[in-house]
>>> print(open('model-v7.pdb').read())   # PDB, C-alpha atoms
ATOM      1  CA  MET J 172     -34.995  22.391   6.260  1.00  0.00           C
ATOM      2  CA  LYS J 173     -31.276  21.727   6.621  1.00  0.00           C
ATOM      3  CA  PRO J 174     -28.859  23.822   4.593  1.00  0.00           C
ATOM      4  CA  GLU J 175     -27.026  21.924   1.903  1.00  0.00           C
ATOM      5  CA  ARG J 176     -23.392  21.211   2.567  1.00  0.00           C
ATOM      6  CA  LYS J 177     -20.941  21.851  -0.174  1.00  0.00           C
ATOM      7  CA  MET J 178     -19.481  18.447  -0.994  1.00  0.00           C
ATOM      8  CA  ARG J 179     -15.731  18.232  -0.890  1.00  0.00           C
ATOM      9  CA  ASP J 180     -13.985  16.467  -3.724  1.00  0.00           C
ATOM     10  CA  THR J 181     -13.052  13.441  -1.594  1.00  0.00           C
ATOM     11  CA  SER J 182     -15.373  10.829  -3.078  1.00  0.00           C
ATOM     12  CA  LEU J 183     -13.603   7.769  -4.362  1.00  0.00           C
ATOM     13  CA  PHE J 184     -15.214   8.406  -7.729  1.00  0.00           C
ATOM     14  CA  SER J 185     -14.342  12.058  -8.198  1.00  0.00           C
ATOM     15  CA  VAL J 186     -12.011  12.898 -11.061  1.00  0.00           C
ATOM     16  CA  ARG J 187      -9.239  13.892  -8.655  1.00  0.00           C
ATOM     17  CA  SER J 188      -9.576  10.718  -6.569  1.00  0.00           C
ATOM     18  CA  LEU J 189      -9.555   8.533  -9.659  1.00  0.00           C
ATOM     19  CA  ALA J 190      -6.452  10.355 -10.884  1.00  0.00           C
ATOM     20  CA  VAL J 191      -4.702   9.829  -7.530  1.00  0.00           C
ATOM     21  CA  SER J 192      -5.669   6.139  -7.552  1.00  0.00           C
ATOM     22  CA  GLY J 193      -4.410   5.770 -11.108  1.00  0.00           C
ATOM     23  CA  LEU J 194      -1.093   7.426 -10.297  1.00  0.00           C
ATOM     24  CA  VAL J 195      -0.615   5.262  -7.205  1.00  0.00           C
ATOM     25  CA  ALA J 196      -1.437   2.130  -9.233  1.00  0.00           C
ATOM     26  CA  ALA J 197       1.009   3.085 -11.983  1.00  0.00           C
ATOM     27  CA  VAL J 198       3.830   3.978  -9.592  1.00  0.00           C
ATOM     28  CA  TYR J 199       3.284   0.804  -7.544  1.00  0.00           C
ATOM     29  CA  ALA J 200       3.344  -1.453 -10.623  1.00  0.00           C
ATOM     30  CA  VAL J 201       6.291   0.276 -12.313  1.00  0.00           C
ATOM     31  CA  VAL J 202       8.461   0.410  -9.182  1.00  0.00           C
ATOM     32  CA  THR J 203       7.702  -3.244  -8.411  1.00  0.00           C
ATOM     33  CA  LEU J 204       8.686  -4.290 -11.921  1.00  0.00           C
ATOM     34  CA  LEU J 205      11.776  -2.040 -12.034  1.00  0.00           C
ATOM     35  CA  PHE J 206      13.029  -3.704  -8.873  1.00  0.00           C
ATOM     36  CA  ALA J 207      11.749  -7.164  -9.875  1.00  0.00           C
ATOM     37  CA  PRO J 208      14.809  -9.093  -8.620  1.00  0.00           C
ATOM     38  CA  ILE J 209      14.043  -8.002  -5.058  1.00  0.00           C
ATOM     39  CA  SER J 210      10.243  -7.615  -5.427  1.00  0.00           C
ATOM     40  CA  TYR J 211       9.319 -11.280  -5.733  1.00  0.00           C
ATOM     41  CA  GLY J 212      10.217 -14.456  -3.916  1.00  0.00           C
ATOM     42  CA  GLN J 213      10.776 -15.744  -0.413  1.00  0.00           C
ATOM     43  CA  VAL J 214      13.263 -12.998   0.439  1.00  0.00           C
ATOM     44  CA  GLN J 215      11.786  -9.767  -0.873  1.00  0.00           C
ATOM     45  CA  VAL J 216      11.931  -6.060  -0.255  1.00  0.00           C
ATOM     46  CA  ARG J 217       9.181  -4.647  -2.421  1.00  0.00           C
ATOM     47  CA  ILE J 218      10.150  -0.959  -2.579  1.00  0.00           C
ATOM     48  CA  SER J 219       6.673  -0.084  -3.870  1.00  0.00           C
ATOM     49  CA  GLU J 220       5.210  -1.218  -0.537  1.00  0.00           C
ATOM     50  CA  ALA J 221       6.326   2.161   0.830  1.00  0.00           C
ATOM     51  CA  LEU J 222       3.185   3.464  -0.880  1.00  0.00           C
ATOM     52  CA  THR J 223       0.991   1.275   1.335  1.00  0.00           C
ATOM     53  CA  VAL J 224       1.315   3.871   4.113  1.00  0.00           C
ATOM     54  CA  LEU J 225      -0.334   6.537   1.915  1.00  0.00           C
ATOM     55  CA  PRO J 226      -3.934   5.627   2.862  1.00  0.00           C
ATOM     56  CA  TYR J 227      -3.194   7.109   6.291  1.00  0.00           C
ATOM     57  CA  ILE J 228      -3.318  10.583   4.723  1.00  0.00           C
ATOM     58  CA  MET J 229      -5.018   9.757   1.396  1.00  0.00           C
ATOM     59  CA  PRO J 230      -7.753   7.103   1.552  1.00  0.00           C
ATOM     60  CA  GLN J 231      -8.076   7.580  -2.216  1.00  0.00           C
ATOM     61  CA  ALA J 232      -4.830   5.618  -2.578  1.00  0.00           C
ATOM     62  CA  VAL J 233      -6.524   2.367  -1.489  1.00  0.00           C
ATOM     63  CA  PRO J 234      -7.926   1.340  -4.908  1.00  0.00           C
ATOM     64  CA  GLY J 235      -4.671   2.335  -6.599  1.00  0.00           C
ATOM     65  CA  LEU J 236      -2.643   0.115  -4.283  1.00  0.00           C
ATOM     66  CA  PHE J 237      -4.917  -2.837  -5.009  1.00  0.00           C
ATOM     67  CA  ILE J 238      -4.800  -2.309  -8.781  1.00  0.00           C
ATOM     68  CA  GLY J 239      -1.044  -1.656  -8.817  1.00  0.00           C
ATOM     69  CA  CYS J 240      -0.363  -4.805  -6.817  1.00  0.00           C
ATOM     70  CA  PHE J 241      -2.730  -6.784  -9.049  1.00  0.00           C
ATOM     71  CA  ILE J 242      -0.871  -5.629 -12.176  1.00  0.00           C
ATOM     72  CA  ALA J 243       2.580  -6.220 -10.658  1.00  0.00           C
ATOM     73  CA  ASN J 244       1.659  -9.704  -9.450  1.00  0.00           C
ATOM     74  CA  PHE J 245      -0.046 -10.574 -12.732  1.00  0.00           C
ATOM     75  CA  ILE J 246       3.046  -9.641 -14.739  1.00  0.00           C
ATOM     76  CA  GLY J 247       5.838 -10.924 -12.539  1.00  0.00           C
ATOM     77  CA  GLY J 248       4.488 -12.879  -9.614  1.00  0.00           C
ATOM     78  CA  PHE J 249       3.786 -16.460  -8.738  1.00  0.00           C
ATOM     79  CA  GLY J 250       0.641 -16.971 -10.793  1.00  0.00           C
ATOM     80  CA  ILE J 251      -2.993 -16.843  -9.779  1.00  0.00           C
ATOM     81  CA  PRO J 252      -2.405 -17.386  -6.026  1.00  0.00           C
ATOM     82  CA  ASP J 253      -0.108 -14.353  -5.971  1.00  0.00           C
ATOM     83  CA  VAL J 254      -2.497 -12.234  -8.044  1.00  0.00           C
ATOM     84  CA  VAL J 255      -5.556 -13.072  -5.926  1.00  0.00           C
ATOM     85  CA  MET J 256      -4.101 -13.433  -2.438  1.00  0.00           C
ATOM     86  CA  GLY J 257      -1.301 -10.880  -2.728  1.00  0.00           C
ATOM     87  CA  SER J 258      -3.607  -8.212  -4.128  1.00  0.00           C
ATOM     88  CA  SER J 259      -6.255  -9.018  -1.519  1.00  0.00           C
ATOM     89  CA  ALA J 260      -3.659  -8.744   1.249  1.00  0.00           C
ATOM     90  CA  THR J 261      -2.650  -5.318  -0.065  1.00  0.00           C
ATOM     91  CA  LEU J 262      -6.291  -4.216  -0.180  1.00  0.00           C
ATOM     92  CA  ILE J 263      -6.983  -5.381   3.385  1.00  0.00           C
ATOM     93  CA  ALA J 264      -3.791  -3.767   4.672  1.00  0.00           C
ATOM     94  CA  ALA J 265      -4.592  -0.483   2.881  1.00  0.00           C
ATOM     95  CA  LEU J 266      -8.106  -0.383   4.345  1.00  0.00           C
ATOM     96  CA  LEU J 267      -6.700  -0.967   7.832  1.00  0.00           C
ATOM     97  CA  THR J 268      -3.953   1.618   7.299  1.00  0.00           C
ATOM     98  CA  ALA J 269      -6.560   4.282   6.467  1.00  0.00           C
ATOM     99  CA  ARG J 270      -8.083   3.760   9.937  1.00  0.00           C
ATOM    100  CA  MET J 271      -4.907   4.002  12.009  1.00  0.00           C
ATOM    101  CA  PRO J 272      -4.474   6.817  14.563  1.00  0.00           C
ATOM    102  CA  ASN J 273      -0.872   7.730  13.669  1.00  0.00           C
ATOM    103  CA  VAL J 274       1.649   7.173  10.908  1.00  0.00           C
ATOM    104  CA  TYR J 275       3.735   4.674  12.881  1.00  0.00           C
ATOM    105  CA  LEU J 276       0.755   2.422  13.486  1.00  0.00           C
ATOM    106  CA  ALA J 277      -0.366   3.037   9.896  1.00  0.00           C
ATOM    107  CA  ALA J 278       2.721   1.185   8.660  1.00  0.00           C
ATOM    108  CA  LEU J 279       1.881  -1.877  10.770  1.00  0.00           C
ATOM    109  CA  PRO J 280      -1.050  -3.409   8.802  1.00  0.00           C
ATOM    110  CA  PRO J 281       0.958  -3.849   5.570  1.00  0.00           C
ATOM    111  CA  VAL J 282       3.731  -5.520   7.568  1.00  0.00           C
ATOM    112  CA  VAL J 283       1.513  -7.921   9.502  1.00  0.00           C
ATOM    113  CA  VAL J 284      -1.021  -8.744   6.777  1.00  0.00           C
ATOM    114  CA  ASN J 285       1.631  -9.406   4.120  1.00  0.00           C
ATOM    115  CA  MET J 286       3.832 -11.308   6.550  1.00  0.00           C
ATOM    116  CA  VAL J 287       0.985 -13.728   7.285  1.00  0.00           C
ATOM    117  CA  VAL J 288      -0.795 -13.901   3.913  1.00  0.00           C
ATOM    118  CA  VAL J 289       2.126 -13.635   1.476  1.00  0.00           C
ATOM    119  CA  GLY J 290       4.414 -15.579   3.789  1.00  0.00           C
ATOM    120  CA  GLY J 291       1.716 -18.258   3.985  1.00  0.00           C
ATOM    121  CA  TYR J 292       1.135 -18.866   0.305  1.00  0.00           C
ATOM    122  CA  LEU J 293       4.817 -18.462  -0.615  1.00  0.00           C
ATOM    123  CA  SER J 294       5.719 -21.133   1.936  1.00  0.00           C
ATOM    124  CA  VAL J 295       3.325 -23.520   0.182  1.00  0.00           C
ATOM    125  CA  ILE J 296       4.344 -22.562  -3.374  1.00  0.00           C
ATOM    126  CA  MET J 297       8.082 -22.638  -2.625  1.00  0.00           C
ATOM    127  CA  ASP J 298       7.950 -25.543  -0.143  1.00  0.00           C
ATOM    128  CA  VAL J 299       9.693 -23.493   2.567  1.00  0.00           C
ATOM    129  CA  PRO J 300       8.694 -23.537   6.244  1.00  0.00           C
ATOM    130  CA  PHE J 301       6.106 -20.853   7.064  1.00  0.00           C
ATOM    131  CA  PRO J 302       8.106 -19.222   9.895  1.00  0.00           C
ATOM    132  CA  ALA J 303      11.054 -18.580   7.581  1.00  0.00           C
ATOM    133  CA  CYS J 304       8.870 -17.223   4.771  1.00  0.00           C
ATOM    134  CA  ALA J 305       6.839 -15.042   7.119  1.00  0.00           C
ATOM    135  CA  MET J 306       9.996 -13.669   8.727  1.00  0.00           C
ATOM    136  CA  TYR J 307      11.626 -12.765   5.401  1.00  0.00           C
ATOM    137  CA  VAL J 308       8.476 -11.162   3.983  1.00  0.00           C
ATOM    138  CA  GLY J 309       7.909  -9.339   7.284  1.00  0.00           C
ATOM    139  CA  LEU J 310      11.447  -7.961   7.370  1.00  0.00           C
ATOM    140  CA  GLY J 311      11.108  -6.746   3.774  1.00  0.00           C
ATOM    141  CA  GLN J 312       7.824  -5.081   4.681  1.00  0.00           C
ATOM    142  CA  VAL J 313       9.397  -3.382   7.706  1.00  0.00           C
ATOM    143  CA  ALA J 314      12.150  -2.015   5.471  1.00  0.00           C
ATOM    144  CA  ALA J 315       9.696  -0.716   2.858  1.00  0.00           C
ATOM    145  CA  CYS J 316       6.986   0.593   5.186  1.00  0.00           C
ATOM    146  CA  TYR J 317       8.987   1.987   8.094  1.00  0.00           C
ATOM    147  CA  PHE J 318      12.195   3.105   6.385  1.00  0.00           C
ATOM    148  CA  LEU J 319      10.584   4.420   3.176  1.00  0.00           C
ATOM    149  CA  GLY J 320       6.814   4.719   3.683  1.00  0.00           C
ATOM    150  CA  VAL J 321       6.744   6.513   7.038  1.00  0.00           C
ATOM    151  CA  PRO J 322       9.289   9.159   5.921  1.00  0.00           C
ATOM    152  CA  LEU J 323       7.297   9.622   2.687  1.00  0.00           C
ATOM    153  CA  VAL J 324       4.068  10.263   4.605  1.00  0.00           C
ATOM    154  CA  LEU J 325       5.805  12.561   7.118  1.00  0.00           C
ATOM    155  CA  LEU J 326       7.285  14.545   4.218  1.00  0.00           C
ATOM    156  CA  LEU J 327       3.884  14.877   2.554  1.00  0.00           C
ATOM    157  CA  GLN J 328       2.294  15.917   5.858  1.00  0.00           C
ATOM    158  CA  ARG J 329       4.932  18.620   6.377  1.00  0.00           C
ATOM    159  CA  ARG J 330       4.339  19.880   2.862  1.00  0.00           C
ATOM    160  CA  MET J 331       0.592  20.078   3.452  1.00  0.00           C
ATOM    161  CA  LYS J 332       1.063  21.878   6.787  1.00  0.00           C
ATOM    162  CA  LYS J 333       3.195  24.537   5.099  1.00  0.00           C
ATOM    163  CA  GLY J 334       0.277  25.396   2.877  1.00  0.00           C
ATOM    164  CA  GLY J 335       0.735  22.785   0.219  1.00  0.00           C
ATOM    165  CA  LYS J 336      -2.354  21.133  -1.113  1.00  0.00           C
ATOM    166  CA  ASN J 337      -3.243  17.517  -0.384  1.00  0.00           C
ATOM    167  CA  PRO J 338      -3.090  15.982  -3.864  1.00  0.00           C
ATOM    168  CA  ALA J 339      -6.053  13.741  -3.076  1.00  0.00           C
ATOM    169  CA  ARG J 340      -8.425  16.633  -2.266  1.00  0.00           C
TER     170      ARG J 340
END
>>> encode(input="model-v7.pdb", output="structure tokens")
Amino acid sequence: MKPERKMRDTSLFSVRSLAVSGLVAAVYAVVTLLFAPISYGQVQVRISEALTVLPYIMPQAVPGLFIGCFIANFIGGFGIPDVVMGSSATLIAALLTARMPNVYLAALPPVVVNMVVVGGYLSVIMDVPFPACAMYVGLGQVAACYFLGVPLVLLLQRRMKKGGKNPAR
């Protein structure tokens, strides 16, 4: 008979994981809405997208990113297409980010997925050529993910290496 393993508190449905997801959702939605003038539209730098690199070190952030994006797009976005497709793009990017081998590659899925998906539906909604929309969304994603998200994750990793606790565990 195999000895029982003590389960770590990393399940997506543990109290701690749900709390982390809730905090990520709240921060994502609030930051998006606080910076609304630059969070929506063809040319956008969604500051809250820095959080999309978190699944690299905290897979528990994935549901929070989806819910936060859903709320932000529901309140201030471009209607149902933005709520459904934008939130789905964030979910797909977060799932891919959690599987990346290093933090620099972890920032790539949110850039590419949002550039294609968000750039695609915004080009239709706003009647702007896709290449222009994709480029602007992609550049905003690069700014948020690489200039804010990567440093955030590196800071959290350093903190955890110095004996700090991973907030998701």
>>> resolve_selection(input="model-v7.pdb", expression="the PyMOL selection byres ((chain J and resi 303) around 12)", output="list in words")
Gln213, Val214, Met286, Val287, Val289, Gly290, Gly291, Leu293, Ser294, Val295, Met297, Asp298, Val299, Pro300, Phe301, Pro302, Cys304, Ala305, Met306, Tyr307, Val308, Gly309 and Leu310 of chain J
>>> atom_distance(input="model-v7.pdb", atom1="atom CA of J:Phe206", atom2="atom CA of J:Leu327")
23.7 Å
>>> residues_around(input="model-v7.pdb", residues="J:Leu204", least_positions_apart="5", cutoff="10 Å", atoms="all atoms listed in the file", output="PyMOL selection string")
chain J and resi 198-199+209-211+217+219+242-244+246-248
>>> closest_residue(input="model-v7.pdb", among="J:Phe245, J:Gly250, J:Ala260, J:Val195", to="J:Val233", atoms="all atoms listed in the file")
J:Val195
>>> resolve_selection(input="model-v7.pdb", expression="the PyMOL selection byres ((chain J and resi 313) around 10)", output="PyMOL selection string")
chain J and resi 216+220-221+278-279+281-283+286+307-312+314-320
>>> axis_aligned_box(input="model-v7.pdb", around="stretch 264-270 of chain J", padding_each_side="6 Å", output="JSON")
{"center_x": -5.9, "center_y": 0.3, "center_z": 6.4, "size_x": 16.3, "size_y": 20.0, "size_z": 19.1}
>>> atom_distance(input="model-v7.pdb", atom1="atom CA of J:Asn285", atom2="atom CA of J:Gly193")
22.3 Å
>>> resolve_selection(input="model-v7.pdb", expression="the PyMOL selection byres ((chain J and resi 192) around 10)", output="JSON, numbers by chain")
{"J": [183, 184, 186, 187, 188, 189, 190, 191, 193, 194, 195, 196, 197, 198, 229, 230, 231, 232, 233, 234, 235, 236, 237, 238, 239, 339]}
>>> atom_distance(input="model-v7.pdb", atom1="atom CA of J:Tyr292", atom2="atom CA of J:Met256")
8.0 Å
>>> build_atoms(input="model-v7.pdb", residues="stretch 294-320 of chain J", atoms="N, CA, C and O atoms", output="CSV table (one decimal), in the coordinates of the input")
chain,number,residue,atom,x,y,z
J,294,SER,N,5.2,-19.9,1.3
J,294,SER,CA,5.7,-21.1,1.9
J,294,SER,C,5.2,-22.4,1.3
J,294,SER,O,5.9,-23.4,1.1
J,295,VAL,N,3.9,-22.4,0.9
J,295,VAL,CA,3.3,-23.5,0.2
J,295,VAL,C,3.9,-23.6,-1.2
J,295,VAL,O,4.3,-24.7,-1.6
J,296,ILE,N,3.9,-22.5,-2.0
J,296,ILE,CA,4.3,-22.6,-3.4
J,296,ILE,C,5.8,-23.0,-3.5
J,296,ILE,O,6.2,-23.7,-4.3
J,297,MET,N,6.6,-22.4,-2.6
J,297,MET,CA,8.1,-22.6,-2.6
J,297,MET,C,8.6,-23.8,-1.7
J,297,MET,O,9.8,-24.1,-1.7
J,298,ASP,N,7.6,-24.4,-1.0
J,298,ASP,CA,8.0,-25.5,-0.1
J,298,ASP,C,9.0,-25.2,0.9
J,298,ASP,O,10.1,-25.8,1.0
J,299,VAL,N,8.8,-24.0,1.5
J,299,VAL,CA,9.7,-23.5,2.6
J,299,VAL,C,8.9,-23.4,3.9
J,299,VAL,O,7.7,-23.1,3.8
J,300,PRO,N,9.5,-23.6,5.0
J,300,PRO,CA,8.7,-23.5,6.2
J,300,PRO,C,8.1,-22.1,6.4
J,300,PRO,O,8.7,-21.1,6.1
J,301,PHE,N,6.8,-22.1,6.9
J,301,PHE,CA,6.1,-20.9,7.1
J,301,PHE,C,6.9,-19.9,7.9
J,301,PHE,O,6.9,-18.7,7.6
J,302,PRO,N,7.4,-20.2,9.1
J,302,PRO,CA,8.1,-19.2,9.9
J,302,PRO,C,9.2,-18.5,9.1
J,302,PRO,O,9.4,-17.3,9.3
J,303,ALA,N,10.0,-19.2,8.3
J,303,ALA,CA,11.1,-18.6,7.6
J,303,ALA,C,10.5,-17.6,6.5
J,303,ALA,O,11.0,-16.5,6.4
J,304,CYS,N,9.5,-18.1,5.8
J,304,CYS,CA,8.9,-17.2,4.8
J,304,CYS,C,8.2,-16.0,5.4
J,304,CYS,O,8.4,-14.9,4.9
J,305,ALA,N,7.5,-16.2,6.5
J,305,ALA,CA,6.8,-15.0,7.1
J,305,ALA,C,7.9,-14.0,7.6
J,305,ALA,O,7.7,-12.8,7.5
J,306,MET,N,9.0,-14.6,8.2
J,306,MET,CA,10.0,-13.7,8.7
J,306,MET,C,10.6,-12.8,7.6
J,306,MET,O,10.8,-11.6,7.7
J,307,TYR,N,11.0,-13.5,6.5
J,307,TYR,CA,11.6,-12.8,5.4
J,307,TYR,C,10.7,-11.7,4.8
J,307,TYR,O,11.1,-10.6,4.5
J,308,VAL,N,9.4,-12.1,4.5
J,308,VAL,CA,8.5,-11.2,4.0
J,308,VAL,C,8.3,-10.0,5.0
J,308,VAL,O,8.2,-8.9,4.6
J,309,GLY,N,8.1,-10.4,6.3
J,309,GLY,CA,7.9,-9.3,7.3
J,309,GLY,C,9.1,-8.4,7.4
J,309,GLY,O,8.8,-7.1,7.5
J,310,LEU,N,10.3,-8.9,7.3
J,310,LEU,CA,11.4,-8.0,7.4
J,310,LEU,C,11.5,-7.0,6.1
J,310,LEU,O,11.8,-5.9,6.3
J,311,GLY,N,11.2,-7.6,5.0
J,311,GLY,CA,11.1,-6.7,3.8
J,311,GLY,C,10.0,-5.7,3.9
J,311,GLY,O,10.2,-4.5,3.5
J,312,GLN,N,8.9,-6.0,4.5
J,312,GLN,CA,7.8,-5.1,4.7
J,312,GLN,C,8.2,-4.0,5.7
J,312,GLN,O,7.9,-2.8,5.5
J,313,VAL,N,8.9,-4.4,6.7
J,313,VAL,CA,9.4,-3.4,7.7
J,313,VAL,C,10.3,-2.4,7.0
J,313,VAL,O,10.2,-1.2,7.2
J,314,ALA,N,11.2,-2.9,6.2
J,314,ALA,CA,12.2,-2.0,5.5
J,314,ALA,C,11.4,-1.0,4.6
J,314,ALA,O,11.6,0.2,4.6
J,315,ALA,N,10.4,-1.6,3.8
J,315,ALA,CA,9.7,-0.7,2.9
J,315,ALA,C,8.8,0.3,3.6
J,315,ALA,O,8.7,1.4,3.2
J,316,CYS,N,8.0,-0.2,4.5
J,316,CYS,CA,7.0,0.6,5.2
J,316,CYS,C,7.6,1.6,6.2
J,316,CYS,O,7.1,2.7,6.2
J,317,TYR,N,8.5,1.1,7.0
J,317,TYR,CA,9.0,2.0,8.1
J,317,TYR,C,10.2,2.9,7.7
J,317,TYR,O,10.3,4.0,8.1
J,318,PHE,N,11.0,2.3,6.8
J,318,PHE,CA,12.2,3.1,6.4
J,318,PHE,C,12.0,4.0,5.1
J,318,PHE,O,12.7,4.9,4.9
J,319,LEU,N,10.9,3.6,4.4
J,319,LEU,CA,10.6,4.4,3.2
J,319,LEU,C,9.2,5.0,3.3
J,319,LEU,O,9.0,6.2,3.0
J,320,GLY,N,8.2,4.3,3.7
J,320,GLY,CA,6.8,4.7,3.7
J,320,GLY,C,6.5,5.8,4.7
J,320,GLY,O,5.9,6.8,4.5
